[in-house]
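Trainee: Here it is: the structure, laid out below.
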Amino acid sequence: MSSANPTQDSPFLAALRGQEVSRTPVWYMRQAGRSLPEYLKVREGVGMLESCMDADLITEITLQPVRRYGVDAAIFFSDIVLPLKAVGVDLDIKPGVGPVVANPVRTLEDVAAIPDLTPEHVGFITQAVRNLVAELGPTPLIGFAGAPFTVASYLVEGGPSKEHARTKAMMFGAPDVWDALLRKIGGIAAAFLQVQVDAGASAVQLFDSWAGALTPADYAEHVMPHSARVLAAAGELGVPRIHFGVGTSNLLDLMGEAGADVVGVDWRTPLERGIAMVGDRGVQGNLDPTLVFAPTEVMLARAAEVIEAGRAAKGHVFNLGHGVLPSTDPAQLQRLTEFVQTYPLTPRG
Ligand code: CP3
């Protein structure tokens, strides 16, 4: 029937909503990208940000891992700093380094100089999402944005950072600038998610990759309210929300309370513990991304443990505990995908 929603039988969306599934759905963070020869081919001579601003390239790159692996969801190909680039912030993504910002943000004037995001800034995103939803049919598309803390770290440090020292110095020492900056970024993230959902994305993921640098108290006071606003805005659009970070074993409860339907658990935290912490929410994760380099039977045995552990959750989406590493052999991910998708969830006695 033409009026039927093509994603209505999606096991991925059912798991996000905490509904019963006949098998565990699976997708991978960074499933598109450097581990795929077809990605390297279409990216030849095209810069990373350039490829994120071309609707045809975004569409092709997003579809590549879906074609190859038959994963249960597509993740929109873009980057957490793309919306900043789109509103005019002078930045680049340097190969092997990551996002680099020409003029790091330090003052209220610096914050005020960053424009808010409107759909007109990102027409290529709307176009790419529309193309994708038409091509993907029953496979849902995940829209995403970077969370205020993680994006702030790039803007304040001017580039990637291990300690986030300048970022936290602003958080502790210049609360007015910090609050203005996180509000600004949060507004941009919410608008970026809305563009993707309005064009047809079925779920969203908020990436707070570096939130693990914070204590629970500092997260709760200085970061969580800003992430909560982004998640609330996405919730009003009616789509399920995934909230992910790395090294967040003592933040998972707060990341759930910030307004997530499903909390992403990185591989350092036993999934059982993550499930206990998030309470009445789903979880996503969390196979160690380096297990793809182990013998296949070792990888699959560990995947089985993750699937079994996930059964105690309100909903479980299988994923790696962080992104696919560039040196990953696609054949291993293919075997992993097949294994998860055919793993029998027989009733437990
Ligand atoms: O998951 C996906 O497949 C969708 C695409 C995606 C990319 N970046 C593409 C990308 C997503 C969801 C992101 C989010 C992102 N970007 C995060 C949060 C997720 C995480 O991994 O924790 C962060 C921290 C960034 C910032 C960023 N962008 C980094 C650290 C890098 C790596 C730099 C390097 O070369 O090592 C990027 C670049 C980037 N983003 C690449 C891809 C495929 C590699 C660039 C290339 O292929 O040339």
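Labels used: A, B, ... for chains in the order of the structure tokens, numbers from 1 for residues in each chain, and numbers from 1 for ligands as shown.
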Which chains and residue numbers are within 9 Å of ligand 1, counting only C-alpha atoms and all ligand atoms, if I want them as a PyMOL selection string?

Mentor: chain A and resi 28-34+39-40+43+46-49+52+61-62+65+74-82+93-99+143-147+150-151+154+160+205-210+244-246+322-324+326

Trainee: Pull the strand (DSSP E or B) assignments for region 115-191 of chain A out of DSSP run on the backbone, and list those residues as a PyMOL selection string.

Mentor: chain A and resi 141-146

Trainee: Which is closer to Arg106 (chain A) than all the others in A:Ser202, A:Ser153, A:Asn131, A:Thr118, using only C-alpha atoms?

Mentor: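 Among A:Ser202, A:Ser153, A:Asn131, A:Thr118, it is A:Ser153 that comes nearest to Arg106 (chain A).
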
Trainee: Please build the interface table for region 10-110 of chain A against region 225-241 of chain A with a cut-off of 10 Å, listing for each qualifying residue the nearest atom pair and the distance in Å to one decimal; count only C-alpha atoms, order rows by chain and increasing number, and write it as a tab-separated table.

Mentor:
residue	atom	partner	partner_atom	distance
A:Leu13	CA	A:Pro240	CA	7.8
A:Ala14	CA	A:Pro240	CA	9.8
A:Ala15	CA	A:Pro240	CA	9.9
A:Leu16	CA	A:Pro240	CA	6.3
A:Arg17	CA	A:Pro240	CA	6.8

Trainee: Hey, can you check how far CA of Val156 (chain A) sits from CA of Gly212 (chain A)?

Mentor: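 So the answer is 17.3 Å.
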
Trainee: Compile the contact shell of Ala309 (chain A) as a list in words: residues with an atom at most 12 Å away, counting only C-alpha atoms, same-chain residues fewer than 2 positions apart removed.

Mentor: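 Final neighbour list, sorted by chain and number: Thr24, Pro270, Leu271, Glu272, Arg273, Gly274, Ile275, Ala276, Val283, Gln284, Gly285, Asn286, Leu287, Arg302, Ala303, Ala304, Glu305, Val306, Ile307, Arg311, Ala312, Ala313, Lys314, Gly315, His316, Val317, Phe318 and Leu345 of chain A.
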
Trainee: Please measure the separation of CA of Glu20 (chain A) and CA of Gln8 (chain A), giving the value in Å to one decimal.

Mentor: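 Computed distance, CA of Glu20 (chain A) to CA of Gln8 (chain A), equals 13.6 Å.
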
Trainee: Write out as a PyMOL selection string all residues of region 160-303 of chain A that backbone DSSP assigns to alpha helix (DSSP H).

Mentor: chain A and resi 165-173+175-198+216-218+224-236+252-257+271-278+296-303

Trainee: Please provide the set of residues having any atom within 10 Å of Asp329 (chain A), restricted to only C-alpha atoms, with same-chain residues fewer than 5 positions apart removed, written as a PDB file with N, CA, C and O atoms, in the first residue's frame.

Mentor:
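For reference, around-v6.pdb as written:
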ATOM      1  N   SER A  35      36.967   2.395   6.311  1.00  0.00           N
ATOM      2  CA  SER A  35      37.138   0.936   6.247  1.00  0.00           C
ATOM      3  C   SER A  35      36.577   0.365   4.938  1.00  0.00           C
ATOM      4  O   SER A  35      36.812  -0.800   4.640  1.00  0.00           O
ATOM      5  N   LEU A  36      35.850   1.183   4.178  1.00  0.00           N
ATOM      6  CA  LEU A  36      35.227   0.666   2.945  1.00  0.00           C
ATOM      7  C   LEU A  36      35.970   1.153   1.693  1.00  0.00           C
ATOM      8  O   LEU A  36      36.106   2.353   1.473  1.00  0.00           O
ATOM      9  N   VAL A 292      37.034  -7.029  16.050  1.00  0.00           N
ATOM     10  CA  VAL A 292      37.002  -7.436  14.636  1.00  0.00           C
ATOM     11  C   VAL A 292      38.377  -7.913  14.168  1.00  0.00           C
ATOM     12  O   VAL A 292      38.483  -8.562  13.131  1.00  0.00           O
ATOM     13  N   PHE A 293      39.426  -7.584  14.922  1.00  0.00           N
ATOM     14  CA  PHE A 293      40.774  -8.043  14.558  1.00  0.00           C
ATOM     15  C   PHE A 293      41.113  -9.384  15.194  1.00  0.00           C
ATOM     16  O   PHE A 293      42.169  -9.940  14.945  1.00  0.00           O
ATOM     17  N   VAL A 324      33.620   2.210  14.049  1.00  0.00           N
ATOM     18  CA  VAL A 324      34.412   1.245  13.282  1.00  0.00           C
ATOM     19  C   VAL A 324      35.800   1.845  13.038  1.00  0.00           C
ATOM     20  O   VAL A 324      35.919   2.982  12.571  1.00  0.00           O
ATOM     21  N   GLN A 334      30.866  -7.989   8.011  1.00  0.00           N
ATOM     22  CA  GLN A 334      29.814  -8.730   7.311  1.00  0.00           C
ATOM     23  C   GLN A 334      29.415  -9.969   8.118  1.00  0.00           C
ATOM     24  O   GLN A 334      28.234 -10.234   8.346  1.00  0.00           O
TER      25      GLN A 334
END

Trainee: Would you mind reading off the distance between CA of Val42 (chain A) and CA of Gly159 (chain A), one decimal, in Å?

Mentor: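 Those two atoms sit 26.3 Å apart.
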
Trainee: Of the candidates A:Met255, A:Val21, A:Ala73, A:Leu325, which one gets nearest to Val204 (chain A) if we count only C-alpha atoms?

Mentor: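 Looking at the shortest contact to Val204 (chain A), the residue is A:Ala73.
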
Trainee: Neighbouring residues of Gly173 (chain A) were defined as those with any atom within 12 Å, considering only C-alpha atoms; residues of the same chain fewer than 6 positions away were excluded. Please report them as a tab-separated table (two decimals) with all heavy atoms, in the first residue's frame.

Mentor:
chain	number	residue	atom	x	y	z
A	106	ARG	N	36.57	32.23	22.82
A	106	ARG	CA	37.05	32.52	24.18
A	106	ARG	C	36.15	33.49	24.92
A	106	ARG	O	36.14	33.52	26.14
A	106	ARG	CB	38.47	33.13	24.13
A	106	ARG	CG	39.51	32.23	23.53
A	106	ARG	CD	39.92	31.11	24.51
A	106	ARG	NE	40.31	29.88	23.82
A	106	ARG	CZ	41.48	29.70	23.19
A	106	ARG	NH1	42.38	30.65	23.16
A	106	ARG	NH2	41.75	28.55	22.59
A	107	THR	N	35.40	34.35	24.20
A	107	THR	CA	34.68	35.45	24.84
A	107	THR	C	33.20	35.44	24.44
A	107	THR	O	32.80	34.75	23.49
A	107	THR	CB	35.26	36.81	24.39
A	107	THR	OG1	35.01	36.95	22.97
A	107	THR	CG2	36.75	36.91	24.65
A	165	ALA	N	41.36	20.80	28.62
A	165	ALA	CA	41.72	21.71	29.73
A	165	ALA	C	41.17	23.12	29.53
A	165	ALA	O	40.62	23.71	30.47
A	165	ALA	CB	43.24	21.74	29.88
A	166	ARG	N	41.32	23.68	28.33
A	166	ARG	CA	40.80	25.03	28.10
A	166	ARG	C	39.28	25.05	28.19
A	166	ARG	O	38.67	26.01	28.66
A	166	ARG	CB	41.19	25.53	26.71
A	166	ARG	CG	42.60	26.01	26.59
A	166	ARG	CD	42.86	26.36	25.12
A	166	ARG	NE	44.24	26.74	24.90
A	166	ARG	CZ	44.70	27.98	25.02
A	166	ARG	NH1	43.89	28.96	25.37
A	166	ARG	NH2	45.97	28.25	24.79
A	167	THR	N	38.68	23.99	27.69
A	167	THR	CA	37.22	23.87	27.70
A	167	THR	C	36.72	23.88	29.15
A	167	THR	O	35.80	24.63	29.51
A	167	THR	CB	36.79	22.55	27.02
A	167	THR	OG1	37.47	22.46	25.77
A	167	THR	CG2	35.29	22.50	26.81
A	179	ASP	N	27.87	29.23	29.46
A	179	ASP	CA	26.42	29.06	29.30
A	179	ASP	C	25.96	29.58	27.93
A	179	ASP	O	25.18	28.92	27.24
A	179	ASP	CB	25.70	29.80	30.42
A	179	ASP	CG	24.23	29.44	30.47
A	179	ASP	OD1	23.93	28.29	30.83
A	179	ASP	OD2	23.39	30.31	30.12
A	222	HIS	N	26.82	21.55	34.56
A	222	HIS	CA	27.28	22.43	33.48
A	222	HIS	C	26.94	21.95	32.07
A	222	HIS	O	27.09	22.71	31.12
A	222	HIS	CB	28.81	22.59	33.56
A	222	HIS	CG	29.29	23.19	34.84
A	222	HIS	ND1	29.06	24.50	35.19
A	222	HIS	CD2	29.98	22.64	35.87
A	222	HIS	CE1	29.61	24.76	36.37
A	222	HIS	NE2	30.17	23.64	36.81

Trainee: Which residues are near Ala213 (chain A)? Cut-off 9 Å, only C-alpha atoms, ignore same chain within fewer than 4 positions. Put them as a list in words.

Mentor: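 Close residues of Ala213 (chain A): Lys162, Glu163, His164, Val246, Gly247 and Thr248 of chain A.
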
Trainee: Counting only C-alpha atoms, which of A:Ala211, A:Ala190, A:Val195, A:Ala301 gets nearest to Glu120 (chain A)?

Mentor: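 Nearest candidate to Glu120 (chain A) out of A:Ala211, A:Ala190, A:Val195, A:Ala301: A:Val195.
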